[in-house]
>>> print(open('work01.cif').read())   # mmCIF, C-alpha atoms
data_my_file
#
loop_
_atom_site.label_atom_id
_atom_site.label_comp_id
_atom_site.auth_asym_id
_atom_site.auth_seq_id
_atom_site.Cartn_x
_atom_site.Cartn_y
_atom_site.Cartn_z
CA MET A 103 14.32 38.61 9.27
CA SER A 104 12.59 35.72 11.04
CA ASN A 105 9.73 35.81 8.54
CA MET A 106 12.21 35.71 5.62
CA ASN A 107 13.93 32.70 7.13
CA ASP A 108 10.58 30.95 7.55
CA GLN A 109 9.71 31.62 3.91
CA SER A 110 13.13 30.38 2.78
CA GLU A 111 12.74 27.18 4.82
CA SER A 112 9.24 26.64 3.39
CA PHE A 113 10.60 27.04 -0.15
CA ILE A 114 13.34 24.50 0.51
CA ILE A 115 10.83 21.96 1.81
CA MET A 116 8.46 22.56 -1.10
CA SER A 117 11.33 22.03 -3.54
CA LYS A 118 11.66 18.42 -2.34
CA LEU A 119 10.11 15.96 -4.79
CA VAL A 120 9.04 12.38 -4.11
CA THR A 121 7.73 9.87 -6.63
CA ILE A 122 5.39 7.25 -5.19
CA PHE A 123 4.77 4.24 -7.42
CA GLY A 124 1.30 2.92 -6.64
CA GLY A 125 0.61 6.17 -4.82
CA SER A 126 -3.15 5.94 -5.33
CA GLY A 127 -3.37 2.44 -3.85
CA PHE A 128 -4.35 1.37 -0.36
CA VAL A 129 -1.00 2.18 1.29
CA GLY A 130 0.32 4.69 -1.24
CA ARG A 131 -2.47 7.21 -0.76
CA TYR A 132 -1.72 7.48 2.96
CA ILE A 133 1.98 8.04 2.26
CA ALA A 134 1.08 10.69 -0.31
CA GLN A 135 -1.16 12.51 2.18
CA ARG A 136 1.49 12.53 4.88
CA LEU A 137 4.26 13.77 2.60
CA ALA A 138 2.04 16.46 1.10
CA LYS A 139 1.26 17.73 4.61
CA GLU A 140 4.99 17.92 5.27
CA GLY A 141 5.41 20.12 2.21
CA TRP A 142 6.79 17.68 -0.35
CA ARG A 143 5.85 17.82 -3.98
CA VAL A 144 4.37 14.43 -4.77
CA ARG A 145 4.26 12.51 -8.03
CA VAL A 146 1.78 9.67 -7.88
CA ALA A 147 3.02 7.20 -10.49
CA VAL A 148 0.21 4.88 -11.61
CA ARG A 149 -0.93 2.98 -14.68
CA ARG A 150 -4.21 4.90 -14.93
CA PRO A 151 -3.69 8.54 -13.89
CA ASN A 152 -7.27 9.44 -14.79
CA GLU A 153 -8.46 7.11 -12.01
CA ALA A 154 -6.13 8.70 -9.46
CA MET A 155 -7.36 12.28 -9.65
CA PHE A 156 -8.69 11.99 -6.09
CA VAL A 157 -5.11 12.44 -4.79
CA LYS A 158 -4.81 16.03 -6.10
CA PRO A 159 -6.63 17.63 -3.10
CA TYR A 160 -4.08 16.03 -0.71
CA GLY A 161 -1.98 19.18 -1.14
CA ALA A 162 -2.02 22.70 -2.54
CA VAL A 163 -2.77 23.31 -6.21
CA GLY A 164 -0.20 21.43 -8.29
CA GLN A 165 1.53 19.90 -5.26
CA VAL A 166 0.23 16.35 -5.81
CA GLU A 167 0.04 15.13 -9.40
CA PRO A 168 -0.85 11.70 -10.85
CA ILE A 169 1.43 10.65 -13.71
CA LEU A 170 1.55 7.66 -16.04
CA ALA A 171 4.03 4.91 -15.16
CA ASN A 172 4.16 1.14 -15.29
CA VAL A 173 6.79 -0.73 -13.26
CA ARG A 174 7.07 -3.21 -16.14
CA ASP A 175 8.22 -0.48 -18.51
CA ASP A 176 11.71 1.07 -18.34
CA ALA A 177 10.96 4.34 -20.15
CA SER A 178 7.92 5.27 -18.06
CA VAL A 179 9.71 4.44 -14.78
CA ALA A 180 12.77 6.49 -15.77
CA ALA A 181 10.56 9.45 -16.67
CA ALA A 182 8.62 9.19 -13.39
CA VAL A 183 11.74 9.39 -11.18
CA GLN A 184 13.46 12.16 -13.12
CA GLY A 185 14.45 14.89 -10.64
CA ALA A 186 13.04 13.04 -7.62
CA ASP A 187 14.83 13.41 -4.28
CA ALA A 188 13.09 10.30 -2.93
CA VAL A 189 11.25 7.33 -4.38
CA VAL A 190 8.72 4.99 -2.76
CA ASN A 191 7.57 1.75 -4.35
CA CYS A 192 4.18 0.52 -3.11
CA VAL A 193 3.30 -1.57 -6.15
CA GLY A 194 2.24 -5.10 -5.35
CA ILE A 195 -0.37 -7.68 -6.31
CA LEU A 196 -2.17 -10.30 -4.22
CA SER A 197 -2.79 -12.62 -7.16
CA GLU A 198 -1.65 -12.90 -10.76
CA ALA A 199 -3.77 -11.80 -13.70
CA GLY A 200 -2.83 -11.17 -17.32
CA LYS A 201 0.64 -9.64 -17.66
CA ASN A 202 0.76 -8.78 -13.98
CA LYS A 203 2.72 -11.78 -12.75
CA PHE A 204 4.43 -11.88 -9.35
CA ASP A 205 7.90 -11.95 -10.87
CA ALA A 206 7.23 -9.16 -13.37
CA VAL A 207 5.70 -6.79 -10.83
CA GLN A 208 7.19 -7.58 -7.42
CA HIS A 209 10.66 -8.76 -8.47
CA GLU A 210 11.65 -7.23 -11.79
CA GLY A 211 9.40 -4.21 -11.29
CA ALA A 212 10.84 -3.37 -7.87
CA ALA A 213 14.42 -3.77 -9.12
CA ARG A 214 13.65 -1.56 -12.14
CA VAL A 215 12.25 1.23 -9.95
CA ALA A 216 15.31 1.10 -7.67
CA ARG A 217 17.75 1.10 -10.61
CA CYS A 218 16.06 4.06 -12.29
CA ALA A 219 15.86 5.92 -8.97
CA ALA A 220 19.58 5.43 -8.38
CA GLU A 221 20.44 6.50 -11.93
CA ALA A 222 18.27 9.62 -11.52
CA GLY A 223 20.15 10.60 -8.36
CA ALA A 224 17.45 10.01 -5.73
CA THR A 225 18.90 10.09 -2.22
CA THR A 226 16.38 7.89 -0.38
CA PHE A 227 14.34 4.86 -1.40
CA VAL A 228 11.53 3.05 0.42
CA GLN A 229 10.24 -0.36 -0.66
CA ILE A 230 6.94 -1.72 0.68
CA SER A 231 7.43 -5.47 0.95
CA ALA A 232 5.69 -8.01 3.22
CA ILE A 233 6.40 -10.22 6.20
CA GLY A 234 7.42 -13.63 4.89
CA ALA A 235 9.35 -12.25 1.91
CA ASN A 236 11.86 -14.96 1.05
CA GLU A 237 13.71 -15.71 -2.19
CA ARG A 238 13.46 -19.45 -1.40
CA SER A 239 9.78 -19.52 -0.44
CA LYS A 240 7.42 -22.08 -2.00
CA SER A 241 4.91 -19.26 -2.42
CA GLY A 242 5.28 -17.27 -5.63
CA TYR A 243 4.10 -14.14 -3.82
CA ALA A 244 6.64 -14.41 -0.99
CA GLU A 245 9.41 -15.50 -3.37
CA SER A 246 8.89 -12.51 -5.66
CA LYS A 247 8.79 -10.16 -2.67
CA GLY A 248 12.11 -11.58 -1.47
CA LYS A 249 13.69 -11.27 -4.92
CA GLY A 250 12.29 -7.76 -5.19
CA GLU A 251 14.02 -6.79 -1.95
CA ALA A 252 17.32 -8.20 -3.24
CA GLY A 253 16.88 -6.31 -6.51
CA VAL A 254 16.23 -3.06 -4.63
CA LEU A 255 19.30 -3.48 -2.41
CA ALA A 256 21.50 -4.29 -5.42
CA HIS A 257 20.82 -0.82 -6.83
CA PHE A 258 20.04 1.06 -3.61
CA PRO A 259 22.04 -0.43 -0.68
CA ASN A 260 20.83 2.25 1.72
CA ALA A 261 17.13 1.58 1.00
CA VAL A 262 14.54 1.28 3.75
CA ILE A 263 12.44 -1.87 3.29
CA LEU A 264 9.16 -2.20 5.17
CA ARG A 265 7.60 -5.62 5.71
CA PRO A 266 4.09 -5.16 7.13
CA SER A 267 1.86 -7.98 8.34
CA ILE A 268 -1.70 -7.90 7.04
CA ILE A 269 -2.77 -4.25 6.74
CA PHE A 270 -6.12 -2.94 7.95
CA GLY A 271 -7.88 0.35 7.35
CA THR A 272 -10.94 1.87 5.70
CA GLU A 273 -10.11 0.54 2.22
CA ASP A 274 -8.61 -2.81 3.25
CA GLN A 275 -9.27 -6.05 1.39
CA PHE A 276 -9.28 -8.20 4.51
CA PHE A 277 -11.84 -7.16 7.13
CA ASN A 278 -14.05 -5.51 4.50
CA ARG A 279 -14.10 -8.69 2.44
CA PHE A 280 -15.09 -11.00 5.27
CA ALA A 281 -17.57 -8.48 6.71
CA THR A 282 -19.28 -8.40 3.31
CA MET A 283 -19.49 -12.20 3.35
CA ALA A 284 -20.93 -12.13 6.88
CA ARG A 285 -23.67 -9.81 5.67
CA PHE A 286 -24.98 -12.36 3.18
CA LEU A 287 -23.76 -15.77 4.35
CA PRO A 288 -24.41 -17.75 7.56
CA ILE A 289 -21.01 -19.46 7.15
CA LEU A 290 -17.49 -18.01 6.91
CA PRO A 291 -15.06 -20.52 5.35
CA VAL A 292 -11.54 -20.07 6.79
CA VAL A 293 -8.35 -21.73 5.56
CA GLY A 294 -5.66 -22.04 8.23
CA PRO A 295 -7.76 -20.85 11.20
CA GLN A 296 -4.82 -21.23 13.61
CA SER A 297 -2.35 -19.29 11.44
CA LYS A 298 -1.32 -16.14 13.31
CA PHE A 299 -1.37 -12.56 12.06
CA GLN A 300 -0.28 -9.24 13.51
CA PRO A 301 -2.57 -6.72 11.75
CA VAL A 302 -1.05 -3.28 11.27
CA TYR A 303 -2.90 0.00 10.68
CA VAL A 304 -2.30 1.45 7.21
CA ASP A 305 -1.47 4.96 8.47
CA ASP A 306 1.20 3.53 10.78
CA VAL A 307 2.84 1.91 7.74
CA ALA A 308 2.63 5.29 6.00
CA ALA A 309 4.28 6.99 8.98
CA ALA A 310 7.13 4.48 8.79
CA ALA A 311 7.52 5.11 5.05
CA VAL A 312 7.73 8.87 5.63
CA LYS A 313 10.57 8.32 8.09
CA GLY A 314 12.35 6.38 5.38
CA VAL A 315 11.77 9.11 2.81
CA THR A 316 13.00 11.91 5.09
CA GLY A 317 16.05 10.00 6.27
CA ALA A 318 14.77 9.69 9.85
CA ALA A 319 15.00 5.90 9.62
CA LYS A 320 18.33 4.17 9.24
CA PRO A 321 18.66 1.88 6.19
CA GLY A 322 17.58 -1.71 6.59
CA ILE A 323 14.61 -4.05 6.80
CA TYR A 324 11.78 -3.35 9.25
CA GLU A 325 8.98 -5.77 10.07
CA LEU A 326 5.77 -3.97 10.99
CA GLY A 327 2.99 -5.42 13.11
CA GLY A 328 0.31 -4.03 15.39
CA PRO A 329 -0.03 -4.54 19.15
CA ASP A 330 -2.10 -7.73 18.82
CA VAL A 331 -1.16 -11.19 17.54
CA GLU A 332 -4.25 -13.27 16.80
CA SER A 333 -5.16 -16.37 14.83
CA PHE A 334 -7.19 -16.12 11.64
CA LYS A 335 -10.18 -17.51 13.55
CA GLN A 336 -9.79 -14.97 16.35
CA LEU A 337 -9.70 -12.14 13.81
CA MET A 338 -12.94 -13.39 12.29
CA GLU A 339 -14.52 -13.55 15.73
CA ARG A 340 -13.36 -9.99 16.38
CA MET A 341 -14.83 -8.82 13.07
CA LEU A 342 -18.18 -10.52 13.74
CA LYS A 343 -18.37 -8.83 17.11
CA VAL A 344 -17.77 -5.41 15.57
CA VAL A 345 -20.40 -5.90 12.83
CA ARG A 346 -22.79 -7.53 15.34
CA ARG A 347 -23.54 -10.55 13.22
CA ARG A 348 -23.51 -14.28 13.78
CA ALA A 349 -21.89 -16.72 11.40
CA LEU A 350 -20.42 -20.17 11.67
CA ILE A 351 -16.65 -20.06 11.17
CA LEU A 352 -16.04 -23.17 9.10
CA THR A 353 -12.54 -24.62 9.00
CA VAL A 354 -11.54 -25.60 5.48
CA PRO A 355 -8.82 -28.31 5.53
CA PHE A 356 -5.71 -27.48 3.52
CA PHE A 357 -6.19 -30.42 1.15
CA ALA A 358 -9.72 -29.23 0.32
CA ALA A 359 -8.53 -25.63 -0.05
CA ARG A 360 -5.80 -26.73 -2.48
CA ILE A 361 -8.36 -28.56 -4.64
CA MET A 362 -10.78 -25.63 -4.62
CA ALA A 363 -8.01 -23.14 -5.41
CA ALA A 364 -6.69 -25.32 -8.25
CA VAL A 365 -10.15 -25.43 -9.84
CA LEU A 366 -10.59 -21.65 -9.56
CA ASP A 367 -7.10 -21.01 -10.94
CA PHE A 368 -7.84 -23.33 -13.87
CA LEU A 369 -11.09 -21.50 -14.62
CA GLN A 370 -9.17 -18.22 -14.74
CA ILE A 371 -6.70 -19.70 -17.24
CA ILE A 372 -9.24 -21.25 -19.62
CA SER A 373 -11.51 -18.19 -19.52
CA LEU A 374 -8.65 -16.10 -20.96
CA GLY A 375 -9.12 -13.44 -18.31
CA LEU A 376 -12.91 -13.23 -18.43
CA PHE A 377 -12.98 -14.83 -14.98
CA THR A 378 -10.59 -13.63 -12.26
CA ASN A 379 -10.01 -15.84 -9.26
CA SER A 380 -10.58 -13.38 -6.41
CA GLN A 381 -11.67 -16.09 -3.97
CA ILE A 382 -8.55 -18.09 -3.14
CA THR A 383 -5.55 -19.14 -5.20
CA ARG A 384 -3.14 -22.03 -4.77
CA ASP A 385 -0.44 -19.54 -3.84
CA GLN A 386 -2.60 -17.99 -1.11
CA VAL A 387 -3.22 -21.44 0.36
CA LYS A 388 0.56 -21.86 0.64
CA GLN A 389 0.84 -18.48 2.39
CA LEU A 390 -1.91 -19.33 4.88
CA ALA A 391 0.08 -22.34 6.09
CA ASN A 392 2.56 -19.95 7.75
CA ASP A 393 2.26 -17.39 10.54
CA ASN A 394 2.50 -13.75 9.52
CA VAL A 395 4.03 -12.03 12.55
CA VAL A 396 7.07 -9.88 13.36
CA SER A 397 10.25 -11.87 14.01
CA PRO A 398 11.70 -11.44 17.53
CA ASP A 399 15.06 -10.14 16.26
CA ALA A 400 13.72 -7.85 13.50
CA MET A 401 13.82 -4.06 13.50
CA SER A 402 10.28 -2.82 14.02
CA PHE A 403 8.09 0.15 14.93
CA ALA A 404 10.01 0.50 18.18
CA ASP A 405 13.17 1.28 16.21
CA LEU A 406 11.26 3.95 14.30
CA GLY A 407 9.77 5.56 17.40
CA ILE A 408 6.22 4.75 16.29
CA GLU A 409 3.54 3.39 18.62
CA PRO A 410 1.33 1.06 16.51
CA THR A 411 -2.43 1.61 16.59
CA ASP A 412 -4.72 -0.92 18.24
CA MET A 413 -7.40 -2.55 16.07
CA ASP A 414 -10.10 -1.56 18.56
CA ALA A 415 -9.40 2.10 17.84
CA VAL A 416 -10.05 1.75 14.11
CA LEU A 417 -12.26 -1.21 13.09
CA GLU A 418 -15.55 0.31 14.27
CA THR A 419 -14.86 3.49 12.30
CA TYR A 420 -15.39 1.69 8.99
CA LEU A 421 -16.98 -1.71 9.69
CA TRP A 422 -20.15 -0.15 11.15
CA GLN A 423 -21.59 -0.16 7.62
CA PHE A 424 -21.85 -3.96 7.77
CA ARG A 425 -24.03 -3.99 10.88
CA PRO A 426 -27.70 -5.01 10.46
CA ASN A 427 -28.78 -1.41 11.10
CA GLY A 428 -25.69 0.28 9.73
CA GLN A 429 -25.15 3.78 11.07
CA TYR A 430 -28.33 3.49 13.12
CA ALA A 431 -27.13 0.51 15.16
CA GLU A 432 -26.43 2.57 18.29
CA ILE A 433 -29.81 4.30 18.07
CA MET A 434 -31.62 0.98 17.65
CA ASP A 435 -29.77 -0.50 20.64
CA SER A 436 -30.74 2.51 22.78
CA ALA A 437 -34.36 2.18 21.70
CA LYS A 438 -34.39 -1.50 22.68
CA GLN A 439 -33.05 -0.63 26.13
CA LEU A 440 -35.72 2.02 26.60
CA ARG A 441 -38.41 -0.51 25.69
CA GLY A 442 -36.86 -3.08 27.97
CA ASP A 443 -36.18 -5.50 25.08
CA ASP A 444 -33.57 -8.23 25.59
#
>>> encode(input="work01.cif", output="structure tokens")
Amino acid sequence: MSNMNDQSESFIIMSKLVTIFGGSGFVGRYIAQRLAKEGWRVRVAVRRPNEAMFVKPYGAVGQVEPILANVRDDASVAAAVQGADAVVNCVGILSEAGKNKFDAVQHEGAARVARCAAEAGATTFVQISAIGANERSKSGYAESKGKGEAGVLAHFPNAVILRPSIIFGTEDQFFNRFATMARFLPILPVVGPQSKFQPVYVDDVAAAAVKGVTGAAKPGIYELGGPDVESFKQLMERMLKVVRRRALILTVPFFAARIMAAVLDFLQIISLGLFTNSQITRDQVKQLANDNVVSPDAMSFADLGIEPTDMDAVLETYLWQFRPNGQYAEIMDSAKQLRGDD
């Protein structure tokens, strides 16, 4: 009888379906892995399913499936959420390119996903937003995130909204980017060196999202940050220490950064998409003028019962590749000690 009950419970869990928009992205893939391990059937809704096949082994055969969906298109979004018990929206962009504008993706797109999820009868909804989201922000990124949150809540009042600070992890675009620069350049240009961040580990964000999906988190907005609050300059110093390289951290004044960003943005426009400004945009300069940390009165990891991971426990596991001797750094250091080298 006990075995039959166990099988029945397993079937009930496996019958749960979640659709994760952007489920093959940096954050989405970690959410997909966690939910698959908990027995959920997972639809990974992405624009290019053929490039998301790597998510299939996250679960049993047929448990995790990439499907075609674009948050800018009503029909594909409606099809992706059909029959879903829960929906997670991880779609976001750091800079605009082509048709992927902040408003279209992070405002209208988020609202569209929430509306379609509500119409399809989903019971829980999780929106991945960002600290600093504000409908009245001067930054297009932050403004669209704020409007996206409002759009989600208009259709899904009991949604769980997660606002992480800068996210780190194996596939991140922050530490990896600057570590790559440190490998080839003797100077690291930094805009807003005193601006503060509270880096959060990607799998901790995924754990918070899972609580939202399963109903273990009460509805509302949560701001997610790690144990450490450090300035941009301090984070660069930390990264250089991990990769064991020396570089001059050069402060770029905001007025100079605005000029440089304006030129790069202009080049992207006149090149008709042939050149993409992946260096720094005018909007990113605006964002760097503000701290990116958890507000004192915000709901946070503590309210979710999650202990955030320290950067020291993770950075070395993926930044070692940027060391002068890569994976052999420890061996080389030991050899130097044996020879009595300084």
>>> closest_residue(input="work01.cif", among="A:Arg131, A:Leu287, A:Phe156, A:Ala318", to="A:Leu350", atoms="all atoms listed in the file")
A:Leu287
>>> resolve_selection(input="work01.cif", expression="the PyMOL selection byres ((chain A and resi 417-423) around 10)", output="ChimeraX atom specification")
/A:270-274,277-278,281-282,303,340-346,412-416,424-432
>>> resolve_selection(input="work01.cif", expression="the PyMOL selection byres ((chain A and resi 360-377) around 10)", output="ChimeraX atom specification")
/A:198-200,293,354-359,378-388
>>> atom_distance(input="work01.cif", atom1="atom CA of A:Leu406", atom2="atom CA of A:Ala311")
10.0 Å
>>> residues_around(input="work01.cif", residues="A:Met401", least_positions_apart="5", cutoff="8 Å", atoms="all atoms listed in the file", output="list in words")
Ile323, Tyr324 and Glu325 of chain A
>>> closest_residue(input="work01.cif", among="A:Val129, A:Ala349, A:Ala256, A:Met338", to="A:Ile289", atoms="all atoms listed in the file")
A:Ala349
>>> atom_distance(input="work01.cif", atom1="atom CA of A:Val166", atom2="atom CA of A:Val146")
7.2 Å
>>> resolve_selection(input="work01.cif", expression="the PyMOL selection byres ((chain A and resi 250) around 9)", output="list in words")
Asp205, Val207, Gln208, His209, Glu210, Gly211, Ala212, Ala213, Gln229, Ser231, Ala235, Glu237, Glu245, Ser246, Lys247, Gly248, Lys249, Glu251, Ala252, Gly253, Val254 and Leu255 of chain A
>>> residues_around(input="work01.cif", residues="stretch 179-186 of chain A", least_positions_apart="3", cutoff="8 Å", atoms="all atoms listed in the file", output="VMD selection string")
chain A and resid 118 to 121 145 147 169 to 173 175 to 176 189 214 to 215 218 to 219 222 to 224
>>> closest_residue(input="work01.cif", among="A:Ala284, A:Ile268, A:Ala206, A:Met155", to="A:Arg347", atoms="all atoms listed in the file")
A:Ala284
>>> axis_aligned_box(input="work01.cif", around="stretch 281-286 of chain A", padding_each_side="6 Å", output="lines of an AutoDock Vina configuration file")
center_x = -21.3
center_y = -10.4
center_z = 5.0
size_x = 19.4
size_y = 16.0
size_z = 15.7
>>> closest_residue(input="work01.cif", among="A:Ala177, A:Leu264, A:Val148, A:Leu196", to="A:Gly314", atoms="all atoms listed in the file")
A:Leu264
>>> atom_distance(input="work01.cif", atom1="atom CA of A:Met283", atom2="atom CA of A:Ile269")
18.8 Å
>>> residues_around(input="work01.cif", residues="A:Leu137", least_positions_apart="5", cutoff="9 Å", atoms="all atoms listed in the file", output="ChimeraX atom specification")
/A:120,132,142-144,312,315
>>> residues_near_point(input="work01.cif", point="(14.4, 9.3, 6.4)", cutoff="12 Å", atoms="all atoms listed in the file", output="ChimeraX atom specification")
/A:137,187-190,225-228,260-263,309-322,406
>>> closest_residue(input="work01.cif", among="A:Asp330, A:Glu221, A:Glu153, A:Asp305", to="A:Ser126", atoms="only C-alpha atoms")
A:Glu153
>>> closest_residue(input="work01.cif", among="A:Gly164, A:Gly130, A:Gly327, A:Pro259", to="A:Ala220", atoms="only C-alpha atoms")
A:Pro259
>>> decode(input="work01.cif", residues="stretch 152-175 of chain A", atoms="C-alpha atoms", output="compact mmCIF listing (two decimals), in the first residue's frame")
# COMPACT_ATOMS: atom_id res chain seq x y z
CA ASN A 152 17.41 24.30 -31.65
CA GLU A 153 20.02 26.21 -29.62
CA ALA A 154 18.47 25.10 -26.31
CA MET A 155 18.71 21.34 -26.76
CA PHE A 156 21.26 21.20 -23.94
CA VAL A 157 18.40 21.53 -21.41
CA LYS A 158 16.84 18.15 -22.34
CA PRO A 159 19.20 16.07 -20.12
CA TYR A 160 18.13 18.12 -17.06
CA GLY A 161 15.36 15.55 -16.54
CA ALA A 162 14.10 12.17 -17.69
CA VAL A 163 13.31 11.54 -21.34
CA GLY A 164 10.66 14.02 -22.45
CA GLN A 165 10.53 15.80 -19.08
CA VAL A 166 12.31 18.98 -20.24
CA GLU A 167 11.46 20.25 -23.72
CA PRO A 168 12.52 23.44 -25.56
CA ILE A 169 9.65 25.07 -27.46
CA LEU A 170 9.37 28.10 -29.74
CA ALA A 171 8.07 31.31 -28.16
CA ASN A 172 8.76 35.01 -28.43
CA VAL A 173 7.53 37.35 -25.68
CA ARG A 174 6.80 39.94 -28.39
CA ASP A 175 4.28 37.63 -30.05
